[in-house]
Amino acid sequence: MSESYRPLLLGHRGARAVRAIPENTLESFDRALADGCDGFEFDVRLTADGVAVVCHGRRYQGLGVRGASAGQLGNLPQLEQVLSRYQDRAFLDVELKVFGLEQITLELLRRYPPQRGFVVSSFLPGVLLALRKENRRVPLGLICQTRAELLRWKELAVEFVIPHQMLAKALLLRELKRAGKRILVWTVNKPAYMLRFRDLGVDGIISDETALLCRAIGTE
């Protein structure tokens, strides 16, 4: 690829490398954009009272997210907040961590359609199948960390394949491109790999190191 080509630059859970700012928060998302990113990836879970909240782990401050109400998890951003706040400001990679979020997510996306692009992604094929059954047009992405997970991309009606950087070999990337898939690679934190994936023509790079990513690739 030409050095003038620039993939999407995306923060992982916001600007995760900035330790002073908690990941998966509005402040962290704002920082990723301020560093020059086009958008960010974030994680969504479901509370006991049916609210989509932004949280990576199963537990938050000692409480299981699935067993707690949104009120008990008051410091967590809600998916609706994120979509409304960044609707016209960022590319959004909305990772669904659990089953049961499909209808909620689709409804919120109808209410707050992201203007700069988005993908609804998951490690869980069942989640992606449920989303596709409900909506034929929503862009979906399969996240892969192992070769077994990666093999599923041919079976699923997804627009994006999102491999861990250790899986993202040149041969695979060529095969995905021939199949018409868009490719986001995660989590790429070293400049040499950032440049390599740019040169291989991936569609986006997800990184903890948002400032470093934007310096390495350039944001002009």
# chains A, B, ... in the order shown; residues from 1 in each chain; ligands from 1

call {"tool": "select_by_dssp", "arguments": {"residues": "range 22-217 of chain A", "states": "strand (DSSP E)", "output": "JSON, numbers by chain"}}
result
{"A": [39, 40, 41, 42, 43, 44, 45, 46, 52, 53, 54, 59, 60, 63, 64, 91, 92, 93, 94, 95, 96, 118, 119, 120, 121, 122, 140, 141, 142, 143, 144, 160, 161, 162, 163, 182, 183, 184, 185, 204, 205, 206, 207]}

call {"tool": "residues_around", "arguments": {"residues": "Ala130 in chain A", "least_positions_apart": "3", "cutoff": "12 Å", "atoms": "only C-alpha atoms", "output": "number ranges by chain"}}
result
A: 96, 98-103, 105-106, 120, 122, 124-127, 133-136, 138, 140, 156-157

call {"tool": "select_by_dssp", "arguments": {"residues": "range 6-64 of chain A", "states": "alpha helix (DSSP H)", "output": "PyMOL selection string"}}
result
chain A and resi 26-35

call {"tool": "write_last_selection", "arguments": {"atoms": "N, CA and C atoms", "output": "PDB file, in the first residue's frame"}}
result
ATOM      1  N   LEU A  26     -16.346   7.868  29.354  1.00  0.00           N
ATOM      2  CA  LEU A  26     -16.468   8.987  28.423  1.00  0.00           C
ATOM      3  C   LEU A  26     -15.170   9.779  28.369  1.00  0.00           C
ATOM      4  N   GLU A  27     -14.514   9.919  29.502  1.00  0.00           N
ATOM      5  CA  GLU A  27     -13.248  10.654  29.535  1.00  0.00           C
ATOM      6  C   GLU A  27     -12.187   9.953  28.689  1.00  0.00           C
ATOM      7  N   SER A  28     -12.160   8.629  28.763  1.00  0.00           N
ATOM      8  CA  SER A  28     -11.185   7.871  27.979  1.00  0.00           C
ATOM      9  C   SER A  28     -11.514   7.938  26.487  1.00  0.00           C
ATOM     10  N   PHE A  29     -12.785   7.900  26.146  1.00  0.00           N
ATOM     11  CA  PHE A  29     -13.184   8.029  24.745  1.00  0.00           C
ATOM     12  C   PHE A  29     -12.823   9.414  24.207  1.00  0.00           C
ATOM     13  N   ASP A  30     -13.084  10.444  25.015  1.00  0.00           N
ATOM     14  CA  ASP A  30     -12.727  11.812  24.615  1.00  0.00           C
ATOM     15  C   ASP A  30     -11.229  11.927  24.378  1.00  0.00           C
ATOM     16  N   ARG A  31     -10.441  11.274  25.241  1.00  0.00           N
ATOM     17  CA  ARG A  31      -8.985  11.351  25.106  1.00  0.00           C
ATOM     18  C   ARG A  31      -8.523  10.682  23.813  1.00  0.00           C
ATOM     19  N   ALA A  32      -9.105   9.546  23.472  1.00  0.00           N
ATOM     20  CA  ALA A  32      -8.737   8.881  22.214  1.00  0.00           C
ATOM     21  C   ALA A  32      -8.981   9.804  21.026  1.00  0.00           C
ATOM     22  N   LEU A  33     -10.108  10.484  21.022  1.00  0.00           N
ATOM     23  CA  LEU A  33     -10.405  11.410  19.926  1.00  0.00           C
ATOM     24  C   LEU A  33      -9.470  12.612  19.957  1.00  0.00           C
ATOM     25  N   ALA A  34      -9.175  13.118  21.149  1.00  0.00           N
ATOM     26  CA  ALA A  34      -8.258  14.251  21.267  1.00  0.00           C
ATOM     27  C   ALA A  34      -6.857  13.882  20.792  1.00  0.00           C
ATOM     28  N   ASP A  35      -6.457  12.624  20.984  1.00  0.00           N
ATOM     29  CA  ASP A  35      -5.149  12.169  20.508  1.00  0.00           C
ATOM     30  C   ASP A  35      -5.089  12.074  18.989  1.00  0.00           C
TER      31      ASP A  35
END

call {"tool": "residues_around", "arguments": {"residues": "Val161 in chain A", "least_positions_apart": "6", "cutoff": "6 Å", "atoms": "only C-alpha atoms", "output": "MDAnalysis selection string"}}
result
chainID A and resid 141:142 183

call {"tool": "write_last_selection", "arguments": {"atoms": "C-alpha atoms", "output": "PDB file, in the first residue's frame"}}
result
ATOM      1  CA  GLY A 141     -17.813  -8.043  13.061  1.00  0.00           C
ATOM      2  CA  LEU A 142     -16.399 -11.340  14.343  1.00  0.00           C
ATOM      3  CA  ILE A 183     -10.357  -5.936   8.646  1.00  0.00           C
TER       4      ILE A 183
END

call {"tool": "closest_atom_pairs", "arguments": {"of": "range 129-175 of chain A", "to": "range 195-210 of chain A", "cutoff": "9 Å", "atoms": "only C-alpha atoms", "output": "JSON lines"}}
result
{"residue": "A:Gln165", "atom": "CA", "partner": "A:Phe197", "partner_atom": "CA", "distance": 8.9}
{"residue": "A:Ala168", "atom": "CA", "partner": "A:Phe197", "partner_atom": "CA", "distance": 8.5}
{"residue": "A:Ala170", "atom": "CA", "partner": "A:Leu200", "partner_atom": "CA", "distance": 7.0}
{"residue": "A:Leu173", "atom": "CA", "partner": "A:Val202", "partner_atom": "CA", "distance": 7.5}
{"residue": "A:Arg174", "atom": "CA", "partner": "A:Leu200", "partner_atom": "CA", "distance": 8.6}

call {"tool": "atom_distance", "arguments": {"atom1": "CA of Arg137 in chain A", "atom2": "CA of Val119 in chain A"}}
result
10.9 Å

call {"tool": "closest_residue", "arguments": {"among": "A:Asp88, A:Glu95, A:Glu80, A:Glu107", "to": "Cys55 in chain A", "atoms": "only C-alpha atoms"}}
result
A:Glu95

call {"tool": "closest_residue", "arguments": {"among": "A:Leu10, A:Ile104, A:Ala17, A:Leu172", "to": "Thr47 in chain A", "atoms": "only C-alpha atoms"}}
result
A:Ile104
